[in-house]
$ cat upload.pdb   # PDB, C-alpha atoms
ATOM      1  CA  MET H  12      -1.746  -5.746  11.027
ATOM      2  CA  SER H  13      -3.639  -7.139  13.935
ATOM      3  CA  LYS H  14      -5.291  -4.844  16.401
ATOM      4  CA  SER H  15      -3.238  -6.256  19.237
ATOM      5  CA  THR H  16      -0.062  -4.977  17.576
ATOM      6  CA  PHE H  17      -0.646  -1.597  19.148
ATOM      7  CA  ALA H  18       0.891  -1.444  22.589
ATOM      8  CA  HIS H  19      -1.445   1.327  23.709
ATOM      9  CA  GLU H  20      -4.410  -0.968  23.332
ATOM     10  CA  VAL H  21      -3.546  -2.978  26.405
ATOM     11  CA  GLU H  22      -6.293  -3.949  28.792
ATOM     12  CA  THR H  23      -6.080  -1.057  31.199
ATOM     13  CA  HIS H  24      -8.613  -2.551  33.582
ATOM     14  CA  SER H  25      -5.848  -4.880  34.749
ATOM     15  CA  ILE H  26      -3.747  -1.943  35.940
ATOM     16  CA  ALA H  27      -4.487  -1.419  39.620
ATOM     17  CA  GLY H  28      -5.323   2.170  40.405
ATOM     18  CA  TYR H  29      -5.467   3.250  36.795
ATOM     19  CA  ASP H  30      -8.651   5.282  36.718
ATOM     20  CA  TYR H  31      -8.524   7.247  33.489
ATOM     21  CA  GLY H  32     -12.029   8.343  32.577
ATOM     22  CA  ARG H  33     -13.587   6.660  35.580
ATOM     23  CA  THR H  34     -15.954   8.128  38.105
ATOM     24  CA  GLY H  35     -14.267   9.234  41.305
ATOM     25  CA  VAL H  36     -11.352  10.822  39.501
ATOM     26  CA  ALA H  37     -10.670  14.427  40.466
ATOM     27  CA  ARG H  38     -12.213  17.180  38.412
ATOM     28  CA  SER H  39      -9.589  19.511  37.115
ATOM     29  CA  PRO H  40     -10.191  23.191  37.745
ATOM     30  CA  VAL H  41      -8.259  23.727  34.540
ATOM     31  CA  SER H  42     -10.537  24.007  31.554
ATOM     32  CA  LEU H  43      -9.587  23.232  28.001
ATOM     33  CA  THR H  44      -9.974  26.909  27.262
ATOM     34  CA  ASN H  45      -7.546  27.800  30.030
ATOM     35  CA  CYS H  46      -5.133  25.092  28.965
ATOM     36  CA  THR H  47      -5.234  26.313  25.404
ATOM     37  CA  SER H  48      -4.389  29.826  26.534
ATOM     38  CA  TRP H  49      -0.969  28.850  27.847
ATOM     39  CA  ARG H  50      -0.329  25.727  25.845
ATOM     40  CA  PRO H  51       0.612  27.329  22.487
ATOM     41  CA  PRO H  52       4.179  28.169  23.549
ATOM     42  CA  LEU H  53       4.726  24.487  24.185
ATOM     43  CA  ASP H  54       3.436  23.694  20.729
ATOM     44  CA  GLY H  55       5.433  26.382  19.030
ATOM     45  CA  ALA H  56       8.451  24.225  18.397
ATOM     46  CA  PRO H  57       9.378  22.562  15.146
ATOM     47  CA  ARG H  58       6.533  20.639  13.623
ATOM     48  CA  MET H  59       6.362  17.799  11.238
ATOM     49  CA  PRO H  60       4.983  18.996   7.912
ATOM     50  CA  GLY H  61       1.231  18.826   7.857
ATOM     51  CA  ARG H  62       0.905  18.071  11.539
ATOM     52  CA  SER H  63      -0.903  20.447  13.775
ATOM     53  CA  SER H  64       1.056  20.228  16.992
ATOM     54  CA  ALA H  65       4.095  18.775  18.632
ATOM     55  CA  THR H  66       1.987  16.434  20.684
ATOM     56  CA  GLU H  67       0.172  15.243  17.616
ATOM     57  CA  SER H  68       3.502  14.669  15.937
ATOM     58  CA  CYS H  69       4.577  12.603  18.896
ATOM     59  CA  SER H  70       1.429  10.577  18.741
ATOM     60  CA  LYS H  71       1.567   9.950  15.033
ATOM     61  CA  ILE H  72       5.230   9.107  14.912
ATOM     62  CA  ALA H  73       4.920   6.861  17.909
ATOM     63  CA  ARG H  74       1.939   5.130  16.392
ATOM     64  CA  SER H  75       3.687   4.564  13.107
ATOM     65  CA  ARG H  76       7.195   3.726  14.132
ATOM     66  CA  TRP H  77       7.948   3.150  17.746
ATOM     67  CA  TRP H  78       5.270   1.447  19.731
ATOM     68  CA  ILE H  79       4.346  -0.849  16.872
ATOM     69  CA  ARG H  80       7.835  -2.304  16.973
ATOM     70  CA  GLY H  81       7.575  -2.999  20.650
ATOM     71  CA  GLY H  82       9.694   0.008  21.535
ATOM     72  CA  ARG H  83       7.957   0.265  24.871
TER      73      ARG H  83
ATOM     74  CA  MET W  27      10.656   3.177  31.655
ATOM     75  CA  ASP W  28      13.183   1.075  33.528
ATOM     76  CA  SER W  29      15.915   3.578  32.776
ATOM     77  CA  TRP W  30      13.813   6.400  34.183
ATOM     78  CA  ARG W  31      13.013   4.408  37.282
ATOM     79  CA  ALA W  32      16.685   3.548  37.670
ATOM     80  CA  VAL W  33      17.415   7.254  37.968
ATOM     81  CA  ILE W  34      15.003   7.458  40.873
ATOM     82  CA  GLY W  35      16.392   4.362  42.514
ATOM     83  CA  ALA W  36      19.964   5.565  42.232
ATOM     84  CA  GLN W  37      19.355   8.881  43.937
ATOM     85  CA  PRO W  38      18.340   8.730  47.602
ATOM     86  CA  HIS W  39      16.686  12.142  47.540
ATOM     87  CA  LEU W  40      14.324  10.840  44.842
ATOM     88  CA  ALA W  41      13.973   7.288  46.074
ATOM     89  CA  LYS W  42      12.956   8.105  49.643
ATOM     90  CA  TRP W  43       9.457   9.170  48.659
ATOM     91  CA  PHE W  44       8.764   5.528  47.826
ATOM     92  CA  PHE W  45      10.096   4.043  51.047
ATOM     93  CA  GLY W  46       7.879   2.384  53.601
ATOM     94  CA  PRO W  47       7.888   3.064  57.345
ATOM     95  CA  ASP W  48      10.788   0.621  57.682
ATOM     96  CA  GLY W  49      12.975   2.921  55.633
ATOM     97  CA  LYS W  50      13.205   0.458  52.750
ATOM     98  CA  PRO W  51      11.734   0.690  49.256
ATOM     99  CA  ASP W  52       8.107  -0.401  49.161
ATOM    100  CA  ASP W  53       8.472  -2.776  46.232
ATOM    101  CA  ALA W  54       4.780  -3.641  45.986
ATOM    102  CA  TYR W  55       3.901   0.040  45.775
ATOM    103  CA  LYS W  56       6.631   0.665  43.223
ATOM    104  CA  ALA W  57       5.427  -2.226  41.073
ATOM    105  CA  LYS W  58       1.937  -0.752  40.921
ATOM    106  CA  LEU W  59       3.317   2.683  40.159
ATOM    107  CA  LYS W  60       5.395   1.270  37.330
ATOM    108  CA  LYS W  61       2.365  -0.140  35.528
ATOM    109  CA  ARG W  62       0.585   3.190  35.780
ATOM    110  CA  PHE W  63       3.700   5.054  34.711
ATOM    111  CA  VAL W  64       3.948   2.904  31.582
ATOM    112  CA  GLN W  65       0.297   3.578  30.846
ATOM    113  CA  TRP W  66       0.823   7.297  31.413
ATOM    114  CA  ALA W  67       3.498   7.329  28.695
ATOM    115  CA  LEU W  68       1.083   5.633  26.316
ATOM    116  CA  ASP W  69      -1.702   8.016  27.256
ATOM    117  CA  ALA W  70       0.620  10.970  26.713
ATOM    118  CA  CYS W  71       0.977   9.870  23.111
ATOM    119  CA  PHE W  72      -2.471   8.587  22.303
ATOM    120  CA  GLN W  73      -5.188  10.121  24.464
ATOM    121  CA  PRO W  74      -7.066  13.088  23.040
ATOM    122  CA  HIS W  75      -6.638  16.338  24.897
ATOM    123  CA  ASP W  76     -10.099  16.757  26.321
ATOM    124  CA  GLN W  77     -11.620  17.329  29.754
ATOM    125  CA  THR W  78     -11.192  13.657  30.660
ATOM    126  CA  TRP W  79      -7.485  13.971  29.965
ATOM    127  CA  LEU W  80      -7.277  17.196  31.986
ATOM    128  CA  ASP W  81      -9.118  15.582  34.882
ATOM    129  CA  TYR W  82      -6.742  12.653  34.972
ATOM    130  CA  GLN W  83      -3.688  14.897  35.020
ATOM    131  CA  GLU W  84      -5.228  16.610  38.052
ATOM    132  CA  GLU W  85      -5.715  13.178  39.608
ATOM    133  CA  ILE W  86      -2.088  12.247  38.944
ATOM    134  CA  GLY W  87      -0.937  15.523  40.461
ATOM    135  CA  LEU W  88      -3.039  14.935  43.555
ATOM    136  CA  ARG W  89      -1.588  11.458  43.914
ATOM    137  CA  HIS W  90       1.770  13.120  44.523
ATOM    138  CA  THR W  91       0.371  15.265  47.357
ATOM    139  CA  PRO W  92      -0.984  14.527  50.853
ATOM    140  CA  GLU W  93      -4.513  14.744  49.513
ATOM    141  CA  LYS W  94      -4.231  11.458  47.638
ATOM    142  CA  LYS W  95      -0.703   9.993  47.781
ATOM    143  CA  ASN W  96      -0.760   6.395  49.053
ATOM    144  CA  GLN W  97      -4.574   6.242  49.002
ATOM    145  CA  THR W  98      -4.877   4.353  45.750
ATOM    146  CA  ASP W  99      -2.528   1.586  46.811
ATOM    147  CA  GLY W 100      -2.991   1.642  50.577
ATOM    148  CA  ALA W 101       0.712   2.364  50.921
ATOM    149  CA  GLN W 102       2.501   3.966  53.860
ATOM    150  CA  THR W 103       5.212   5.869  52.085
ATOM    151  CA  PRO W 104       5.762   9.606  52.714
ATOM    152  CA  SER W 105       2.632  11.571  51.931
ATOM    153  CA  LEU W 106       4.252  13.918  49.460
ATOM    154  CA  VAL W 107       6.560  14.065  46.499
ATOM    155  CA  PRO W 108       7.772  17.662  46.836
ATOM    156  CA  LEU W 109       7.169  19.727  43.733
ATOM    157  CA  PRO W 110      10.850  20.421  42.966
ATOM    158  CA  TYR W 111      11.503  16.695  42.635
ATOM    159  CA  LEU W 112       8.491  16.249  40.381
ATOM    160  CA  ILE W 113       9.699  19.021  38.097
ATOM    161  CA  ALA W 114      13.310  17.880  38.138
ATOM    162  CA  PHE W 115      12.372  14.310  37.337
ATOM    163  CA  GLY W 116      10.302  15.588  34.445
ATOM    164  CA  ALA W 117      13.513  16.820  32.880
ATOM    165  CA  VAL W 118      14.917  13.305  33.047
ATOM    166  CA  VAL W 119      11.859  11.852  31.344
ATOM    167  CA  ALA W 120      11.858  14.607  28.750
ATOM    168  CA  THR W 121      15.461  14.427  27.693
ATOM    169  CA  THR W 122      16.566  10.821  27.796
ATOM    170  CA  THR W 123      14.665   9.212  24.953
ATOM    171  CA  ARG W 124      17.163   9.581  22.101
ATOM    172  CA  LYS W 125      18.720   6.146  22.469
ATOM    173  CA  PHE W 126      15.331   4.483  22.310
ATOM    174  CA  PHE W 127      14.202   6.442  19.287
ATOM    175  CA  VAL W 128      17.480   5.690  17.504
ATOM    176  CA  ASP W 129      17.190   2.021  18.374
ATOM    177  CA  ALA W 130      13.729   2.131  16.809
ATOM    178  CA  GLY W 131      15.196   3.462  13.579
ATOM    179  CA  VAL W 132      14.266   7.124  13.898
ATOM    180  CA  ARG W 133      16.898   9.385  12.350
ATOM    181  CA  ASP W 134      17.827  12.930  11.431
ATOM    182  CA  GLU W 135      15.085  15.551  11.308
ATOM    183  CA  GLU W 136      12.427  13.105  12.360
ATOM    184  CA  LEU W 137      14.492  12.262  15.427
ATOM    185  CA  HIS W 138      14.787  15.917  16.380
ATOM    186  CA  GLN W 139      11.078  16.443  15.826
ATOM    187  CA  LEU W 140      10.149  13.439  17.904
ATOM    188  CA  GLU W 141      12.476  14.400  20.733
ATOM    189  CA  ALA W 142      11.033  17.907  20.744
ATOM    190  CA  ALA W 143       7.482  16.595  20.642
ATOM    191  CA  TRP W 144       8.090  14.245  23.548
ATOM    192  CA  ALA W 145       9.869  16.904  25.622
ATOM    193  CA  LYS W 146       6.963  19.278  25.119
ATOM    194  CA  ALA W 147       4.404  16.626  25.931
ATOM    195  CA  VAL W 148       6.225  15.879  29.192
ATOM    196  CA  GLN W 149       6.437  19.602  29.991
ATOM    197  CA  LEU W 150       2.726  19.945  29.391
ATOM    198  CA  HIS W 151       1.885  17.056  31.701
ATOM    199  CA  ILE W 152       4.246  18.163  34.477
ATOM    200  CA  THR W 153       2.657  21.608  34.312
ATOM    201  CA  LEU W 154      -0.783  20.096  34.813
ATOM    202  CA  TRP W 155       0.477  17.808  37.614
ATOM    203  CA  SER W 156       1.788  20.885  39.410
ATOM    204  CA  ARG W 157      -1.682  22.446  39.566
ATOM    205  CA  PRO W 158      -2.630  20.939  42.982
ATOM    206  CA  TYR W 159       0.551  22.377  44.489
ATOM    207  CA  VAL W 160      -0.403  25.925  43.518
ATOM    208  CA  LYS W 161      -2.011  28.261  46.040
ATOM    209  CA  GLU W 162      -5.559  29.322  45.369
ATOM    210  CA  GLY W 163      -5.550  32.226  42.968
ATOM    211  CA  LEU W 164      -1.985  31.746  41.785
ATOM    212  CA  TRP W 165      -2.596  29.338  38.888
TER     213      TRP W 165
END
$ encode --input "upload.pdb" --output "structure tokens"
Amino acid sequence: MSKSTFAHEVETHSIAGYDYGRTGVARSPVSLTNCTSWRPPLDGAPRMPGRSSATESCSKIARSRWWIRGGR
Amino acid sequence: MDSWRAVIGAQPHLAKWFFGPDGKPDDAYKAKLKKRFVQWALDACFQPHDQTWLDYQEEIGLRHTPEKKNQTDGAQTPSLVPLPYLIAFGAVVATTTRKFFVDAGVRDEELHQLEAAWAKAVQLHITLWSRPYVKEGLW
């Protein structure tokens, strides 16, 4: 499978105003510690066996089944 | 993505936040937003949850408020997407994916798991986007 098969690996520099990880982006007053303190209820829903969180499930399923097929 | 945007376009109370001073949709602005919206969905699935991710959710939230809305694109649309609309639209994004997952061949328990995972991911992001709307000391 070629690397370019993955839709999330698009060239983000071509997206005007997309500044993920760039300098000049706001600093969140929310820390990971704070986020973790209220995030568990969101992750408490059904999980795929062996997967640590709902978001991780989303990521892994998407990676394996959806985006690869051009589901975007 | 197009189906989500169609919801906005079809409802004047949602669409008006993307109108220019002439009272018509600012199509250039909307086109730029669409590309970033697509990338947000990808990031929601693939980016690690670290401080960089938290910072960018703050940035996205701010870009819905007078502090930063329109700045990125030099647009002249209203300076705010009111928080209730942001939250309400989140429900649309969170709950309308089934058709696409089914079309991609996802079925049964895996479908339920994926729908739940996506809904929770959207809820998490909307919560973080709401942070700039919250009064000091009330977060």
$ closest_residue --input "upload.pdb" --among "W:Val160, W:Ala142, W:Ala101, W:Ala117" --to "Lys58 in chain W" --atoms "all atoms listed in the file"
W:Ala101
$ atom_distance --input "upload.pdb" --atom1 "CA of Val36 in chain H" --atom2 "CA of Glu85 in chain W"
6.1 Å
$ atom_distance --input "upload.pdb" --atom1 "CA of Ala147 in chain W" --atom2 "CA of Arg33 in chain H"
22.7 Å
$ residues_around --input "upload.pdb" --residues "Thr78 in chain W" --least-positions-apart "2" --cutoff "9 Å" --atoms "all atoms listed in the file" --output "JSON, numbers by chain"
{"H": [31, 32, 33, 38, 39], "W": [74, 75, 76, 80, 81, 82, 83]}
$ residues_around --input "upload.pdb" --residues "Pro38 in chain W" --least-positions-apart "5" --cutoff "12 Å" --atoms "only C-alpha atoms" --output "PDB file with C-alpha atoms, in the frame of the given file"
ATOM      1  CA  ALA W  32      16.685   3.548  37.670  1.00  0.00           C
ATOM      2  CA  VAL W  33      17.415   7.254  37.968  1.00  0.00           C
ATOM      3  CA  TRP W  43       9.457   9.170  48.659  1.00  0.00           C
ATOM      4  CA  PHE W  44       8.764   5.528  47.826  1.00  0.00           C
ATOM      5  CA  PHE W  45      10.096   4.043  51.047  1.00  0.00           C
ATOM      6  CA  GLY W  49      12.975   2.921  55.633  1.00  0.00           C
ATOM      7  CA  LYS W  50      13.205   0.458  52.750  1.00  0.00           C
ATOM      8  CA  PRO W  51      11.734   0.690  49.256  1.00  0.00           C
ATOM      9  CA  TYR W 111      11.503  16.695  42.635  1.00  0.00           C
TER      10      TYR W 111
END
$ atom_distance --input "upload.pdb" --atom1 "CA of Thr123 in chain W" --atom2 "CA of Tyr55 in chain W"
25.2 Å
$ closest_residue --input "upload.pdb" --among "W:Pro92, W:Ile152, W:Trp165, W:Thr103" --to "chain H" --atoms "only C-alpha atoms"
W:Trp165
$ resolve_selection --input "upload.pdb" --expression "the PyMOL selection byres ((chain W) within 8 of (chain H))" --output "ChimeraX atom specification"
/W:27,58,61-62,65,68-69,71-72,76-85,98-99,126-127,130,132,136,139-140,142-144,146-147,149-150
$ axis_aligned_box --input "upload.pdb" --around "range 141-145 of chain W" --padding-each-side "4 Å" --output "JSON"
{"center_x": 10.0, "center_y": 16.1, "center_z": 23.1, "size_x": 13.0, "size_y": 11.7, "size_z": 13.0}
